Amino acid sequence: MQRIFQMDGEETDCWLGHDGSRFVLNTPTGAVACQLDPTGLPGGYKLRAKGVVRELRLAVGPEATFVHMDGRTYEVGRVDPAERLAGSDGGASDDRLVAPMPGVVVSVAVKPGDAVEEGQPLLVIESMKLETTLTAPRDGVVAEMPFAEGDSFGLKDILAQLAPEEE
Amino acid sequence: MTISKLLVANRGEIAARVLRTAKARGLATAVLRHVAEQEGPAHLIADEVVMIDGPTPVAAYLDIPQIVEAAKGIGADAVHPGYGFLSENAGFVAALEKAGVTFVGPTSEVIDLMGDKVRARAFVEERGFPVAPSAIEDDDPASFVERARAVGYPLLIKPSAGGGGKGMRVVREDSTLETEIETARREGERYFGDGRLFVERYIERPRHIEVQVMGDGQGNVVHFWERECSIQRRFQKIIEETPSPALTPEQRDEICETAAGIARAVKYRGAGTVEFIYAQDGAFYFLEMNTRLQVEHPVTEMVTGFDLVAEQLRVAAGDGLSAVQADIPQTGHSIELRICAEDATADFRPAIGNILLLDEPQGEGIRVDSGILDGGKVTTDFDPMLSKLIVHGPDRAQAIARARSAVQSYVILGVTTNTGYLDAILAHPDFASGDVSTGFLAEQSETLTAPGEDVSDLLMAAAALSDERLVSDVMQIPEMYRKMGGWRN
């Protein structure tokens with residue numbers, strides 16, 4: 001799964017995967033095996049990564065994650081690539097998911113007529129070696145899923161369409 | 001007169017702090033709250049909360065008729081103004097007097113005198129207290145240049161109507177004096193519509209040292225020692241301490257006695273602060289007197305053991321001072337850090353946000369005067385100061401160590417604060433040696449905002465693994481694809 005993180009105005013593309021026993025975060029500078037376990041404190045966690053254990057306090061806001069670690073506080077902005085692309089397609093973006101780049105459909109989770117909730121996964125795509133789960137931009141009913149598993153699609157193709165919202 | 005019910009005409013941390021002492025003294029208490037204001041600690045402490053309204057939240061706290069009505073409406077017999085807002089407003093004092101409500105503070109005449117910087121300076125100078133050598137054009141415009149020359153160099157030209165540093169010019173050589181005066185006059189006319197000027201001796205690398213005084217209104221005045229407040233950003237203090245690392249014991253006695261003498265000269269009533277400019281050569285000059293409790297008063301309480309709000313309430317009730325000078329110690333060292341919602345790396349731009357997690361430090365020698373609650377919202381309606389962290393230690397080095405450890409453990413998540421910046425100041429070798437001036441933060445801004453160790457990988461890992469949707473999405477992908485994930489083959 002892809003995420004873009006923002007720190008001090010700089011964006012970093014990351015990929016979170018799981019190798020069967022642990023999470024691995026792929027960053028532009030390498031792969032980091034990591035594990036996050038709660039402690040007893042509010043928002044308290046132990047982060048195991050890069051061979052060290054760090055105690056931290058953490059709070060997840062709507063757009064950013066705030067981390068207090070080793071006496072300093074950091075803000076990490078989170079961008080969901082799918083949301084970013086969905087949101088960049090003007091007025092109808094609320095109704096449809098548009099392909100961010102050419103790629104292949106890995107799996108399809110819903111079919112036309114299904115009721116979906118905001119954030120519910122609709123399909124998984126792979127583009128430029130990145131897998132991305134595309135989720136419903138709002139509550140609604142699926143109108144159209146133009147592509148099936150294994151299909152290729154082009155840039156800006158519509159990958160999922162929701163029925164228009166009733167007023 | 002006795003005081004049985006106190007209205008605190010303020011908000012945030014200072015309202016909470018005043019209310020705690022008032023309650024401990026057995027008073028009934030009330031505090032103001034603007035209709036659009038978040039609930040804060042003060043609202044939980046006060047017996048009663050009076051809602052106020054206005055075009056803006058700040059305007060409501062400056063609305064004299066509304067606040068006097070509020071005091072009368074709830075039967076308060078005294079009002080504590082805190083700092084800021086109406087605390088130095090002679091009209092407010094007069095309105096309360098007319099309504100038969102006691103103002104916890106000095107008389108309106110003293111507020112008026114000290115509020116007029118030129119009159120206050122003249123008053124202090126006439127009584128033989130030190131002021132920076134100066135010349136005021138209005139005194140005799142024909143001889144202004146001659147009198148300015150006599151002040152000596154370097155000197156500072158200021159527009160009489162000025163403020164905020166606009167139109168000020170430093171002159172170091174006599175040859176440029178007259179042209180600089182003409183330039184300053186044009187700037188004064190442009191910025192303030194008023195070209196009148198005055199000059200004063202320019203103090204290089206000054207320190208800001210102030211003295212806490214308390215008077216009974218009958219001419220009895222004691223001081224509670226000095227505070228060093230040279231760590232300022234945008235002309236506002238953010239770290240204060242006592243004792244000042246700059247003063248010898250003799251200088252300390254001299255500056256504190258000078259302050260008490262100025263307060264005695266006006267038969268000062270209540271708590272006040274006399275501010276001085278302190279030059280590198282040890283000379284000090286009267287700057288102004290603040291006729292209220294200061295933001296930084298807790299450091300004084302930490303080293304003296306006195307509750308200054310309790311003293312204010314005693315004096316307001318006519319019970320006089322609780323101590324004579326010899327009873328007031330200065331024990332150990334105390335430092336205050338102002339925790340502000342602002343971005344120190346972006347010219348101290350105020351920050352907003354929701355407080356998602358709050359865990360304030362506690363322990364021996366640690367005091368937090370906080371104006372925020374977990375889950376609260378930080379807006380730009382008010383000053384960006386959220387709380388004050390005050391520490392006490394046996395000596396300055398131990399106080400600094402305690403302050404660093406406390407500020408590092410201060411958890412405020414959800415809004416950008418200056419805790420890391422404050423820690424960087426405390427860690428600076430010049431702060432440790434005490435070799436600072438009011439220009440310190442500006443001179444050292446690059447060092448103080450330098451990025452620390454690069455821990456971005458760890459932060460991104462924490463952000464990724466705490467993103468429930470991301471983690472759940474990853475785990476929902478068929479295992480084969482999960483393992484294949486990633487863009488590096």
# chains A, B, ... in the order shown; residues from 1 in each chain; ligands from 1
>>> residues_around(residues="Leu448 of chain B", least_positions_apart="3", cutoff="12 Å", atoms="only C-alpha atoms", output="number ranges by chain")
B: 344-345, 418-431, 440-445, 451-452
>>> interface_residues(of="chain A", to="chain B", cutoff="6 Å", atoms="only C-alpha atoms", output="CSV table (one decimal) with N, CA and C atoms, in the first residue's frame")
chain,number,residue,atom,x,y,z
A,1,MET,N,0.8,-1.2,0.0
A,1,MET,CA,0.0,0.0,0.0
A,1,MET,C,0.9,1.2,0.0
A,15,TRP,N,5.9,2.8,0.7
A,15,TRP,CA,5.1,1.6,0.5
A,15,TRP,C,5.2,0.7,1.7
A,17,GLY,N,4.3,-2.8,3.2
A,17,GLY,CA,3.9,-4.2,2.9
A,17,GLY,C,4.1,-5.1,4.2
A,18,HIS,N,3.8,-6.3,4.0
A,18,HIS,CA,3.9,-7.3,5.1
A,18,HIS,C,4.5,-8.5,4.5
A,19,ASP,N,5.6,-9.0,5.2
A,19,ASP,CA,6.3,-10.2,4.5
A,19,ASP,C,5.8,-11.5,5.2
A,65,THR,N,-0.1,12.9,11.3
A,65,THR,CA,0.2,12.1,12.5
A,65,THR,C,1.2,12.9,13.3
A,66,PHE,N,1.0,13.1,14.6
A,66,PHE,CA,1.9,13.8,15.5
A,66,PHE,C,2.6,12.8,16.3
A,71,GLY,N,12.0,13.5,23.2
A,71,GLY,CA,12.0,14.9,23.6
A,71,GLY,C,11.6,15.9,22.6
A,72,ARG,N,11.3,15.4,21.4
A,72,ARG,CA,10.9,16.4,20.3
A,72,ARG,C,9.6,16.0,19.7
A,129,LYS,N,4.7,-0.6,-10.6
A,129,LYS,CA,5.2,-1.5,-9.5
A,129,LYS,C,4.6,-1.1,-8.1
A,130,LEU,N,3.6,-0.2,-8.1
A,130,LEU,CA,3.0,0.2,-6.9
A,130,LEU,C,1.6,-0.4,-6.8
>>> residues_around(residues="Gln218 of chain B", least_positions_apart="2", cutoff="9 Å", atoms="only C-alpha atoms", output="ChimeraX atom specification")
/B:215-216,220-221,264,267-269,320
>>> select_by_dssp(residues="segment 2-163 of chain A", states="alpha helix (DSSP H)", output="JSON, numbers by chain")
{"A": [81, 82, 83, 84, 85, 86, 87]}
>>> write_last_selection(atoms="N, CA and C atoms", output="mmCIF file, in the first residue's frame")
data_model
loop_
_atom_site.group_PDB
_atom_site.id
_atom_site.type_symbol
_atom_site.label_atom_id
_atom_site.label_comp_id
_atom_site.auth_asym_id
_atom_site.auth_seq_id
_atom_site.Cartn_x
_atom_site.Cartn_y
_atom_site.Cartn_z
ATOM 1 N N PRO A 81 -2.551 8.460 -1.900
ATOM 2 C CA PRO A 81 -2.416 8.775 -3.331
ATOM 3 C C PRO A 81 -3.747 8.638 -4.063
ATOM 4 N N ALA A 82 -4.547 7.674 -3.670
ATOM 5 C CA ALA A 82 -5.820 7.472 -4.357
ATOM 6 C C ALA A 82 -6.734 8.675 -4.121
ATOM 7 N N GLU A 83 -6.766 9.138 -2.874
ATOM 8 C CA GLU A 83 -7.611 10.289 -2.560
ATOM 9 C C GLU A 83 -7.116 11.525 -3.280
ATOM 10 N N ARG A 84 -5.804 11.663 -3.323
ATOM 11 C CA ARG A 84 -5.250 12.838 -3.994
ATOM 12 C C ARG A 84 -5.705 12.875 -5.448
ATOM 13 N N LEU A 85 -5.640 11.720 -6.111
ATOM 14 C CA LEU A 85 -6.009 11.690 -7.523
ATOM 15 C C LEU A 85 -7.499 11.840 -7.701
ATOM 16 N N ALA A 86 -8.246 11.164 -6.842
ATOM 17 C CA ALA A 86 -9.692 11.281 -6.938
ATOM 18 C C ALA A 86 -10.102 12.735 -6.753
ATOM 19 N N GLY A 87 -9.400 13.389 -5.835
ATOM 20 C CA GLY A 87 -9.771 14.756 -5.505
ATOM 21 C C GLY A 87 -9.345 15.752 -6.563
#
>>> select_by_dssp(residues="segment 1-106 of chain B", states="strand (DSSP E or B)", output="PyMOL selection string")
chain B and resi 5-8+28-34+48-52+78-80+102-103
>>> atom_distance(atom1="atom CA of His223 of chain B", atom2="atom CA of Asp112 of chain B")
22.0 Å
>>> residues_around(residues="Asp319 of chain B", least_positions_apart="3", cutoff="9 Å", atoms="only C-alpha atoms", output="PyMOL selection string")
chain B and resi 1-2+216+313-316+322
>>> residues_around(residues="Ala115 of chain A", least_positions_apart="4", cutoff="9 Å", atoms="only C-alpha atoms", output="number ranges by chain")
A: 110, 139-142
>>> write_last_selection(atoms="C-alpha atoms", output="compact mmCIF listing (two decimals), in the first residue's frame")
# COMPACT_ATOMS: atom_id res chain seq x y z
CA VAL A 110 -17.39 -4.84 -5.20
CA ASP A 139 -21.19 6.45 1.13
CA GLY A 140 -23.22 5.33 -1.87
CA VAL A 141 -24.15 2.62 -4.34
CA VAL A 142 -21.74 1.26 -6.95
>>> atom_distance(atom1="atom CA of Ala184 of chain B", atom2="atom CA of Pro159 of chain B")
7.0 Å
>>> residues_around(residues="Val105 of chain A", least_positions_apart="5", cutoff="6 Å", atoms="only C-alpha atoms", output="list in words")
Ile125, Glu149, Gly150 and Asp151 of chain A
>>> residues_around(residues="segment 385-388 of chain B", least_positions_apart="4", cutoff="6 Å", atoms="only C-alpha atoms", output="ChimeraX atom specification")
/B:337-340,368-371
